[in-house]
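K.L.:
Here you go, model_5.pdb (PDB, C-alpha atoms and all ligand atoms):
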ATOM      1  CA  MET U 777     134.034  79.593 161.766
ATOM      2  CA  THR U 778     131.839  80.974 159.055
ATOM      3  CA  SER U 779     129.065  83.477 159.497
ATOM      4  CA  LEU U 780     126.691  85.401 157.353
ATOM      5  CA  ARG U 781     125.775  89.042 157.321
ATOM      6  CA  ALA U 782     123.576  90.880 154.909
ATOM      7  CA  PRO U 783     125.314  93.907 153.419
ATOM      8  CA  LYS U 784     122.560  96.383 154.300
ATOM      9  CA  PRO U 785     119.283  95.574 156.033
ATOM     10  CA  ASN U 786     116.415  97.687 154.759
ATOM     11  CA  ALA U 787     112.803  98.426 155.643
ATOM     12  CA  HIS U 788     111.529  94.933 154.768
ATOM     13  CA  PRO U 789     113.933  92.615 156.446
ATOM     14  CA  ARG U 790     113.472  88.924 156.245
ATOM     15  CA  VAL U 791     115.226  86.765 158.772
ATOM     16  CA  ILE U 792     116.622  83.447 157.728
ATOM     17  CA  ASP U 793     118.331  81.286 160.280
ATOM     18  CA  ARG U 794     119.953  78.488 158.323
ATOM     19  CA  PHE U 795     121.762  78.144 155.026
ATOM     20  CA  THR U 796     123.190  75.179 153.221
ATOM     21  CA  LEU U 797     126.223  75.491 151.002
ATOM     22  CA  ALA U 798     125.842  74.836 147.307
ATOM     23  CA  PRO U 799     128.488  72.328 146.133
ATOM     24  CA  SER U 800     130.221  75.014 144.051
ATOM     25  CA  LEU U 801     130.619  77.291 147.066
ATOM     26  CA  HIS U 802     131.716  74.366 149.180
ATOM     27  CA  LEU U 803     134.427  73.582 146.651
ATOM     28  CA  ALA U 804     135.500  77.216 146.332
ATOM     29  CA  LEU U 805     135.869  77.645 150.075
ATOM     30  CA  SER U 806     137.784  74.373 150.383
ATOM     31  CA  ALA U 807     140.094  75.447 147.571
ATOM     32  CA  CYS U 808     140.896  78.601 149.583
ATOM     33  CA  GLY U 809     141.856  76.368 152.506
ATOM     34  CA  ALA U 810     138.979  77.528 154.712
ATOM     35  CA  GLN U 811     139.026  75.553 157.930
ATOM     36  CA  THR U 812     135.357  74.894 157.863
ATOM     37  CA  THR U 813     132.874  75.330 155.091
ATOM     38  CA  GLN U 814     129.954  74.799 157.413
ATOM     39  CA  ILE U 815     127.978  77.994 157.619
ATOM     40  CA  GLU U 816     126.754  78.605 161.116
ATOM     41  CA  PRO U 817     123.058  79.044 161.704
ATOM     42  CA  THR U 818     123.476  82.776 162.049
ATOM     43  CA  LEU U 819     120.741  85.350 161.746
ATOM     44  CA  CYS U 820     120.798  86.894 158.328
ATOM     45  CA  ILE U 821     118.665  89.778 157.206
ATOM     46  CA  LEU U 822     118.141  89.874 153.480
ATOM     47  CA  PRO U 823     117.258  93.083 151.655
ATOM     48  CA  SER U 824     113.599  92.383 151.005
ATOM     49  CA  PRO U 825     111.123  89.499 150.687
ATOM     50  CA  GLU U 826     110.941  90.128 146.940
ATOM     51  CA  ALA U 827     114.685  89.824 146.618
ATOM     52  CA  ILE U 828     114.544  86.329 148.083
ATOM     53  CA  ALA U 829     112.734  85.145 144.979
ATOM     54  CA  ARG U 830     115.592  86.486 142.899
ATOM     55  CA  LEU U 831     119.276  86.074 143.635
ATOM     56  CA  SER U 832     120.309  88.045 146.735
ATOM     57  CA  LEU U 833     123.841  88.934 147.572
ATOM     58  CA  ILE U 834     124.999  88.054 151.046
ATOM     59  CA  GLU U 835     128.240  88.887 152.738
ATOM     60  CA  ILE U 836     129.923  85.713 153.880
ATOM     61  CA  THR U 837     132.664  85.837 156.451
ATOM     62  CA  PHE U 838     134.846  82.805 156.876
ATOM     63  CA  ARG U 839     138.037  81.895 158.540
ATOM     64  CA  ILE U 840     141.334  80.541 157.269
ATOM     65  CA  GLY U 841     143.809  80.052 160.074
ATOM     66  CA  ILE U 842     143.847  83.331 161.926
ATOM     67  CA  ARG U 843     142.690  85.354 158.943
ATOM     68  CA  GLU U 844     139.143  86.469 158.418
ATOM     69  CA  LEU U 845     137.927  86.891 154.866
ATOM     70  CA  SER U 846     134.754  88.383 153.545
ATOM     71  CA  THR U 847     133.208  87.655 150.222
ATOM     72  CA  LEU U 848     129.873  87.916 148.504
ATOM     73  CA  GLY U 849     127.781  84.849 147.919
ATOM     74  CA  GLY U 850     124.511  84.478 146.105
ATOM     75  CA  ALA U 851     121.482  83.187 148.000
ATOM     76  CA  ILE U 852     118.432  81.647 146.460
ATOM     77  CA  GLY U 853     116.046  80.989 149.292
ATOM     78  CA  ASN U 854     118.076  79.195 151.911
ATOM     79  CA  HIS U 855     120.602  77.949 149.409
ATOM     80  CA  LEU U 856     123.928  79.724 149.080
ATOM     81  CA  THR U 857     125.603  79.528 145.742
ATOM     82  CA  ALA U 858     128.311  81.349 143.730
ATOM     83  CA  LEU U 859     131.333  82.755 145.447
ATOM     84  CA  LEU U 860     132.195  86.213 144.120
ATOM     85  CA  ALA U 861     135.305  88.303 144.661
ATOM     86  CA  ILE U 862     136.888  88.403 148.090
ATOM     87  CA  SER U 863     136.255  91.896 149.395
ATOM     88  CA  GLN U 864     138.075  91.883 152.683
ATOM     89  CA  ASN U 865     140.978  89.968 154.117
ATOM     90  CA  ARG U 866     141.951  90.841 157.613
ATOM     91  CA  LYS U 867     143.577  89.268 160.631
ATOM     92  CA  LEU U 868     141.032  87.885 163.001
ATOM     93  CA  ILE U 869     141.568  89.568 166.306
ATOM     94  CA  ARG U 870     139.426  87.822 168.826
ATOM     95  CA  MET U 871     141.925  87.009 171.513
ATOM     96  CA  ARG U 872     141.458  86.670 175.240
ATOM     97  CA  ILE U 873     142.656  90.067 176.452
ATOM     98  CA  LEU U 874     144.415  90.121 179.802
ATOM     99  CA  LEU U 875     145.418  93.800 179.826
ATOM    100  CA  ASP U 876     143.913  96.318 177.442
ATOM    101  CA  GLU U 877     145.623  99.439 176.101
ATOM    102  CA  ALA U 878     144.380 101.686 178.897
ATOM    103  CA  GLN U 879     145.582  99.262 181.581
ATOM    104  CA  LEU U 880     148.998  98.951 179.930
ATOM    105  CA  THR U 881     149.331 102.727 179.718
ATOM    106  CA  GLU U 882     148.419 103.068 183.385
ATOM    107  CA  GLY U 883     150.934 100.307 184.276
ATOM    108  CA  VAL U 884     153.783 101.981 182.375
ATOM    109  CA  GLU U 885     152.936 105.328 184.043
ATOM    110  CA  ARG U 886     153.080 103.636 187.437
ATOM    111  CA  LEU U 887     156.384 101.948 186.612
ATOM    112  CA  ALA U 888     157.897 105.267 185.447
ATOM    113  CA  THR U 889     156.731 107.078 188.590
ATOM    114  CA  GLU U 890     158.286 104.404 190.813
ATOM    115  CA  ILE U 891     161.590 104.505 188.896
ATOM    116  CA  ASP U 892     161.640 108.331 188.896
ATOM    117  CA  HIS U 893     160.979 108.305 192.610
ATOM    118  CA  HIS U 894     163.845 105.882 193.234
ATOM    119  CA  PHE U 895     166.514 107.549 191.059
ATOM    120  CA  GLY U 896     165.465 111.196 191.250
ATOM    121  CA  ASP U 897     167.656 113.327 188.961
ATOM    122  CA  ARG U 898     170.601 110.901 188.922
ATOM    123  CA  PRO U 899     171.757 110.084 185.370
ATOM    124  CA  LEU U 900     170.748 106.578 184.352
ATOM    125  CA  THR U 901     171.928 104.130 181.717
ATOM    126  CA  VAL U 902     168.763 102.383 180.578
ATOM    127  CA  ILE U 903     169.210  99.129 178.676
ATOM    128  CA  ALA U 904     166.452  97.381 176.708
ATOM    129  CA  ILE U 905     166.556  93.597 176.583
ATOM    130  CA  MET U 906     165.534  92.977 172.985
ATOM    131  CA  THR U 907     163.354  91.986 171.317
ATOM    132  CA  GLY U 908     160.425  91.634 173.691
ATOM    133  CA  SER U 909     160.952  94.873 175.594
ATOM    134  CA  LEU U 910     160.910  97.092 172.536
ATOM    135  CA  VAL U 911     157.369  98.438 172.878
ATOM    136  CA  LEU U 912     157.547  98.880 176.648
ATOM    137  CA  PHE U 913     160.977 100.484 176.369
ATOM    138  CA  ALA U 914     159.850 103.135 173.887
ATOM    139  CA  ASP U 915     156.911 104.017 176.127
ATOM    140  CA  LEU U 916     158.876 103.902 179.383
ATOM    141  CA  ILE U 917     161.957 105.979 178.568
ATOM    142  CA  ARG U 918     159.770 108.863 177.362
ATOM    143  CA  ARG U 919     158.101 108.978 180.747
ATOM    144  CA  LEU U 920     161.275 108.957 182.817
ATOM    145  CA  SER U 921     162.521 112.367 183.982
ATOM    146  CA  MET U 922     166.252 111.856 184.669
ATOM    147  CA  PRO U 923     169.030 112.312 182.078
ATOM    148  CA  GLN U 924     169.410 108.989 180.290
ATOM    149  CA  ARG U 925     171.879 107.090 178.163
ATOM    150  CA  VAL U 926     169.975 104.462 176.228
ATOM    151  CA  GLY U 927     171.217 101.139 174.897
ATOM    152  CA  VAL U 928     170.183  97.631 173.894
ATOM    153  CA  VAL U 929     171.275  94.058 174.391
ATOM    154  CA  GLN U 930     169.701  91.007 172.824
ATOM    155  CA  ALA U 931     168.755  87.855 174.708
ATOM    156  CA  SER U 932     166.737  84.914 173.492
ATOM    157  CA  SER U 933     165.746  81.599 175.013
ATOM    158  CA  TYR U 934     162.165  80.842 173.872
ATOM    159  CA  ARG U 935     162.982  80.457 170.151
ATOM    160  CA  GLY U 936     159.757  79.261 168.550
ATOM    161  CA  GLY U 937     158.412  77.741 171.708
ATOM    162  CA  LEU U 938     156.449  78.150 174.902
ATOM    163  CA  LYS U 939     159.246  77.006 177.195
ATOM    164  CA  SER U 940     162.593  78.518 178.021
ATOM    165  CA  GLY U 941     165.581  76.774 176.397
ATOM    166  CA  ASP U 942     169.250  77.657 176.037
ATOM    167  CA  LEU U 943     169.773  81.363 176.612
ATOM    168  CA  THR U 944     171.851  83.165 173.995
ATOM    169  CA  VAL U 945     172.993  86.743 174.583
ATOM    170  CA  ASP U 946     174.284  89.119 171.932
ATOM    171  CA  ALA U 947     175.943  92.178 173.499
ATOM    172  CA  LYS U 948     177.565  93.518 170.307
ATOM    173  CA  MET U 949     175.357  96.621 170.324
ATOM    174  CA  LEU U 950     175.604  97.273 174.064
ATOM    175  CA  ILE U 951     176.917 100.703 175.063
ATOM    176  CA  ASP U 952     179.600 101.108 177.713
ATOM    177  CA  VAL U 953     178.125 100.541 181.152
ATOM    178  CA  ALA U 954     181.329 100.725 183.227
ATOM    179  CA  GLY U 955     180.916 102.998 186.244
ATOM    180  CA  ARG U 956     177.256 103.705 185.406
ATOM    181  CA  ASP U 957     174.002 103.202 187.242
ATOM    182  CA  VAL U 958     172.210 100.725 184.983
ATOM    183  CA  LEU U 959     168.507  99.961 184.698
ATOM    184  CA  LEU U 960     167.747  96.781 182.734
ATOM    185  CA  VAL U 961     164.269  96.826 181.189
ATOM    186  CA  ASP U 962     162.436  93.692 180.086
ATOM    187  CA  ASP U 963     158.844  92.903 179.162
ATOM    188  CA  ILE U 964     158.401  89.837 181.354
ATOM    189  CA  PHE U 965     159.963  87.996 184.265
ATOM    190  CA  ASP U 966     159.051  84.338 183.819
ATOM    191  CA  THR U 967     161.660  81.783 184.905
ATOM    192  CA  GLY U 968     163.931  84.745 185.686
ATOM    193  CA  LYS U 969     166.838  83.273 183.732
ATOM    194  CA  THR U 970     167.176  86.201 181.293
ATOM    195  CA  LEU U 971     167.259  89.036 183.836
ATOM    196  CA  ASP U 972     169.473  87.036 186.161
ATOM    197  CA  ARG U 973     172.063  86.400 183.427
ATOM    198  CA  LEU U 974     171.999  89.980 182.154
ATOM    199  CA  SER U 975     172.257  91.517 185.620
ATOM    200  CA  GLY U 976     175.366  89.404 186.163
ATOM    201  CA  MET U 977     176.788  90.536 182.817
ATOM    202  CA  MET U 978     176.235  94.238 183.629
ATOM    203  CA  SER U 979     178.192  93.770 186.877
ATOM    204  CA  GLU U 980     180.943  91.941 184.975
ATOM    205  CA  PHE U 981     181.095  94.887 182.547
ATOM    206  CA  GLY U 982     181.747  97.171 185.532
ATOM    207  CA  ALA U 983     178.344  98.801 186.131
ATOM    208  CA  ALA U 984     178.328 100.849 189.383
ATOM    209  CA  SER U 985     174.845  99.515 190.198
ATOM    210  CA  VAL U 986     172.243  97.360 188.423
ATOM    211  CA  LYS U 987     168.471  97.559 188.885
ATOM    212  CA  THR U 988     165.806  95.748 186.912
ATOM    213  CA  ALA U 989     162.342  96.760 185.730
ATOM    214  CA  VAL U 990     159.669  94.620 184.068
ATOM    215  CA  LEU U 991     156.157  95.192 182.903
ATOM    216  CA  LEU U 992     154.977  91.690 183.810
ATOM    217  CA  HIS U 993     155.852  89.348 186.622
ATOM    218  CA  LYS U 994     154.497  85.862 185.984
ATOM    219  CA  ARG U 995     153.277  83.866 188.967
ATOM    220  CA  THR U 996     155.270  80.730 188.271
ATOM    221  CA  ASP U 997     158.296  78.837 189.517
ATOM    222  CA  HIS U 998     161.270  81.163 189.161
ATOM    223  CA  ILE U 999     164.552  79.299 188.820
ATOM    224  CA  VAL U1000     166.711  82.147 190.138
ATOM    225  CA  GLU U1001     166.962  84.114 193.364
ATOM    226  CA  LEU U1002     166.869  87.528 191.695
ATOM    227  CA  ARG U1003     163.524  89.363 191.665
ATOM    228  CA  PRO U1004     162.794  92.514 189.614
ATOM    229  CA  ASP U1005     163.217  95.797 191.514
ATOM    230  CA  PHE U1006     160.294  97.408 189.688
ATOM    231  CA  LYS U1007     157.266  95.699 188.164
ATOM    232  CA  ALA U1008     153.909  96.912 186.871
ATOM    233  CA  PHE U1009     151.717  93.786 186.877
ATOM    234  CA  GLU U1010     151.550  90.300 188.363
ATOM    235  CA  ILE U1011     150.030  87.932 185.807
ATOM    236  CA  PRO U1012     148.850  84.299 185.948
ATOM    237  CA  ASP U1013     150.978  81.436 184.675
ATOM    238  CA  GLU U1014     149.726  81.612 181.073
ATOM    239  CA  PHE U1015     151.573  82.212 177.816
ATOM    240  CA  VAL U1016     150.889  85.811 176.840
ATOM    241  CA  VAL U1017     151.480  87.817 173.666
ATOM    242  CA  GLY U1018     151.190  91.414 172.512
ATOM    243  CA  TYR U1019     152.797  94.708 173.504
ATOM    244  CA  GLY U1020     156.186  93.327 172.438
ATOM    245  CA  LEU U1021     155.718  89.719 173.538
ATOM    246  CA  ASP U1022     155.670  87.088 170.828
ATOM    247  CA  PHE U1023     154.976  83.529 169.896
ATOM    248  CA  MET U1024     157.178  82.519 166.953
ATOM    249  CA  ASP U1025     157.913  86.237 166.375
ATOM    250  CA  MET U1026     154.252  87.047 165.834
ATOM    251  CA  TYR U1027     151.829  89.211 167.852
ATOM    252  CA  ARG U1028     154.454  91.685 169.112
ATOM    253  CA  ASN U1029     152.544  94.508 167.439
ATOM    254  CA  LEU U1030     149.251  93.950 169.283
ATOM    255  CA  PRO U1031     148.471  97.039 171.372
ATOM    256  CA  TYR U1032     147.102  94.866 174.191
ATOM    257  CA  LEU U1033     148.284  91.801 176.128
ATOM    258  CA  ALA U1034     146.420  88.584 175.357
ATOM    259  CA  ILE U1035     146.538  85.001 176.547
ATOM    260  CA  LEU U1036     147.429  82.703 173.679
ATOM    261  CA  GLU U1037     144.822  79.918 173.556
ATOM    262  CA  PRO U1038     145.817  76.364 172.533
ATOM    263  CA  HIS U1039     144.043  76.624 169.145
ATOM    264  CA  GLU U1040     145.874  79.908 168.416
ATOM    265  CA  ILE U1041     149.171  78.242 169.280
ATOM    266  CA  GLU U1042     148.427  75.425 166.812
ATOM    267  CA  GLN U1043     147.272  77.801 164.084
ATOM    268  CA  THR U1044     150.250  80.113 164.469
ATOM    269  CA  ALA U1045     152.686  77.199 164.409
ATOM    270  CA  ALA U1046     150.979  75.781 161.307
ATOM    271  CA  GLU U1047     151.032  79.171 159.553
ATOM    272  CA  ALA U1048     154.684  79.700 160.423
ATOM    273  CA  LYS U1049     155.579  76.391 158.747
ATOM    274  CA  SER U1050     153.585  77.069 155.567
TER     275      SER U1050
HETATM  276  O1  LIG K1101     162.240  85.026 182.660
HETATM  277  P1  LIG K1101     162.548  84.236 181.444
HETATM  278  O2  LIG K1101     161.995  82.829 181.522
HETATM  279  O3  LIG K1101     164.017  84.262 181.081
HETATM  280  O4  LIG K1101     161.726  84.879 180.241
HETATM  281  C1  LIG K1101     161.745  86.236 179.955
HETATM  282  C2  LIG K1101     162.363  86.503 178.635
HETATM  283  O5  LIG K1101     161.741  85.737 177.619
HETATM  284  C3  LIG K1101     161.399  86.575 176.521
HETATM  285  O6  LIG K1101     162.446  86.676 175.596
HETATM  286  P2  LIG K1101     162.674  85.581 174.463
HETATM  287  O7  LIG K1101     163.717  84.601 174.863
HETATM  288  O8  LIG K1101     161.358  85.019 174.030
HETATM  289  O9  LIG K1101     163.269  86.462 173.283
HETATM  290  P3  LIG K1101     162.583  87.745 172.603
HETATM  291  O10 LIG K1101     162.784  88.893 173.556
HETATM  292  O11 LIG K1101     163.350  87.920 171.354
HETATM  293  O12 LIG K1101     161.136  87.438 172.391
HETATM  294  C4  LIG K1101     161.147  87.914 177.177
HETATM  295  O13 LIG K1101     161.260  88.957 176.231
HETATM  296  C5  LIG K1101     162.176  87.966 178.260
HETATM  297  O14 LIG K1101     163.403  88.517 177.806
HETATM  298  O1  LIG K1102     154.364  84.270 178.393
HETATM  299  C1  LIG K1102     155.267  84.616 177.600
HETATM  300  N1  LIG K1102     154.954  85.086 176.354
HETATM  301  C2  LIG K1102     155.900  85.472 175.466
HETATM  302  N2  LIG K1102     157.202  85.402 175.716
HETATM  303  C3  LIG K1102     157.589  84.957 176.936
HETATM  304  N3  LIG K1102     158.818  84.807 177.446
HETATM  305  C4  LIG K1102     158.680  84.328 178.682
HETATM  306  N4  LIG K1102     157.370  84.145 178.989
HETATM  307  C5  LIG K1102     156.663  84.554 177.898
END
Since I need it in another form, could you write the structure as structure tokens?

P.N.:
Amino acid sequence: MTSLRAPKPNAHPRVIDRFTLAPSLHLALSACGAQTTQIEPTLCILPSPEAIARLSLIEITFRIGIRELSTLGGAIGNHLTALLAISQNRKLIRMRILLDEAQLTEGVERLATEIDHHFGDRPLTVIAIMTGSLVLFADLIRRLSMPQRVGVVQASSYRGGLKSGDLTVDAKMLIDVAGRDVLLVDDIFDTGKTLDRLSGMMSEFGAASVKTAVLLHKRTDHIVELRPDFKAFEIPDEFVVGYGLDFMDMYRNLPYLAILEPHEIEQTAAEAKS
């Protein structure tokens, strides 16, 4: 998607609603790998009517994969010509947000209150299921009131995909859970396979009790009997990213939870291969 914006409208704006690309600009954009070099018929306010007669500089925003770039182009009338230096290069964040930052914060607060209420002042061994739970975990443990021992275990089954595959567990960094009340924390309960396997492992390692907490509970077919003891949100059966959740190890850093659209899945997969 490409759009045009004038750098600074002034007192004598002139509105132009369609531009054509000069061949040189067309070539330059293609050479950058821009997905489309078709400039949208976007409203553009040029500095002044007089400037139209001369060369006017216009900010051009275009898209390459999931990156948004801005550059300056020259306009003569409705004709866009030379491409000048790229002035901005930022990730395009226009995702379908399912839970924004405020909702996530409220959800984590709620989860912490429920867990506090259940355990009271009893010491708890809280285990993060890495990597997805990392953001939730950092936020959650700081809101819990009881004395805590904190540890991690790694589990992975979605490697590079949208569907659960073979589950691998790496417990090399796990702290001793024998005789302890354990709370397993994960970002999402989807098929249920991960939490089910890890709950079993904690019992095998001698935990006195095992409870589970998740931020998200997906409304889908769960393949296990176990259900999380604590959950903050029920979400639809869509592939979600952000707040720790990834697709191909990307998007974990987003401060919100978004639904990954099919075109974003394709773009991310293509970028990951390049
Ligand atoms: O209920 P399930 O179907 O088992 O899915 C939930 C698990 O899937 C994700 O982990 P993933 O395997 O993607 O590894 P990651 O934590 O490294 O992202 C997520 O972080 C959960 O641990
Ligand atoms: O919807 C999801 N998004 C990211 N990771 C996941 N792991 C299980 N379900 C999901």

K.L.:
Could you report the residues within 6 Å of ligand LIG 1102 (chain K), using all atoms listed in the file, as a count of residues only?

P.N.:
8

K.L.:
Name the residues, by chain letter and number, that sit within 8 Å of ligand LIG 1101 (chain K) using only C-alpha atoms and all ligand atoms, and give them as JSON, numbers by chain.

P.N.:
{"U": [905, 906, 907, 908, 909, 930, 931, 932, 933, 934, 935, 939, 940, 943, 962, 963, 964, 965, 966, 967, 968, 969, 970, 971, 972, 998, 1020, 1021, 1022, 1023, 1025]}

K.L.:
Counting all atoms listed in the file, which residue out of U:Leu920, U:Val945, U:Ala914, U:Leu1002 sits closest to Gly896 in chain U?

P.N.:
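Answer, going by the shortest atom-to-atom distance: U:Leu920.
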
K.L.:
Please list as a ChimeraX atom specification every residue within 12 Å of Gly1018 in chain U, counting all atoms listed in the file and excluding residues in the same chain fewer than 3 positions away.

P.N.:
/U:869,871-877,880,908-912,963-964,992,1015,1021-1023,1025-1036

K.L.:
On this structure, the PyMOL selection byres (((chain U and resi 881-889) around 9) and not hetatm) would catch which residues? List them as an MDAnalysis selection string, sorted by chain and number.

P.N.:
chainID U and resid 876:880 890:894 912 915:917 919:921 989:991 1006:1009

K.L.:
Mind giving me the straight-line distance from CA of Val953 in chain U to CA of Ala984 in chain U in Å, one decimal?

P.N.:
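Result for CA of Val953 in chain U versus CA of Ala984 in chain U: 8.2 Å, one decimal.
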
K.L.:
Would you mind reading off the distance between CA of Asp942 in chain U and CA of Glu1042 in chain U, one decimal, in Å?

P.N.:
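These two atoms are separated by 22.9 Å.
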
K.L.:
What separation in Å, quoted to one decimal, exists between CA of Ile1041 in chain U and CA of Phe913 in chain U?

P.N.:
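Computed distance, CA of Ile1041 in chain U to CA of Phe913 in chain U, equals 26.2 Å.
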
K.L.:
Just checking: using all atoms listed in the file, which residue out of U:Ala1046, U:Met1024, U:Met977, U:Ile903 ends up closest to Ile951 in chain U?

P.N.:
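So, comparing all the options, the nearest one is U:Ile903.
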
K.L.:
I'd like to know which of U:Glu1047, U:Asp957, U:Glu1001, U:Asp897 is closest to Ser985 in chain U, using all atoms listed in the file.

P.N.:
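The shortest atom-to-atom distance to Ser985 in chain U comes from U:Asp957.
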
K.L.:
Which one is closest to Thr996 in chain U: U:Gly982, U:Leu959, U:Thr1044, U:Pro1012? Count only C-alpha atoms.

P.N.:
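Between U:Gly982, U:Leu959, U:Thr1044, U:Pro1012, the residue approaching Thr996 in chain U most closely is U:Pro1012.
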
K.L.:
Name the closest residue to Val902 in chain U among the candidates U:Thr988, U:Ser979, U:Gln1043, U:Thr944; distances are taken between atoms, counting all atoms listed in the file.

P.N.:
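Using all atoms listed in the file, the shortest distance to Val902 in chain U belongs to U:Thr988.
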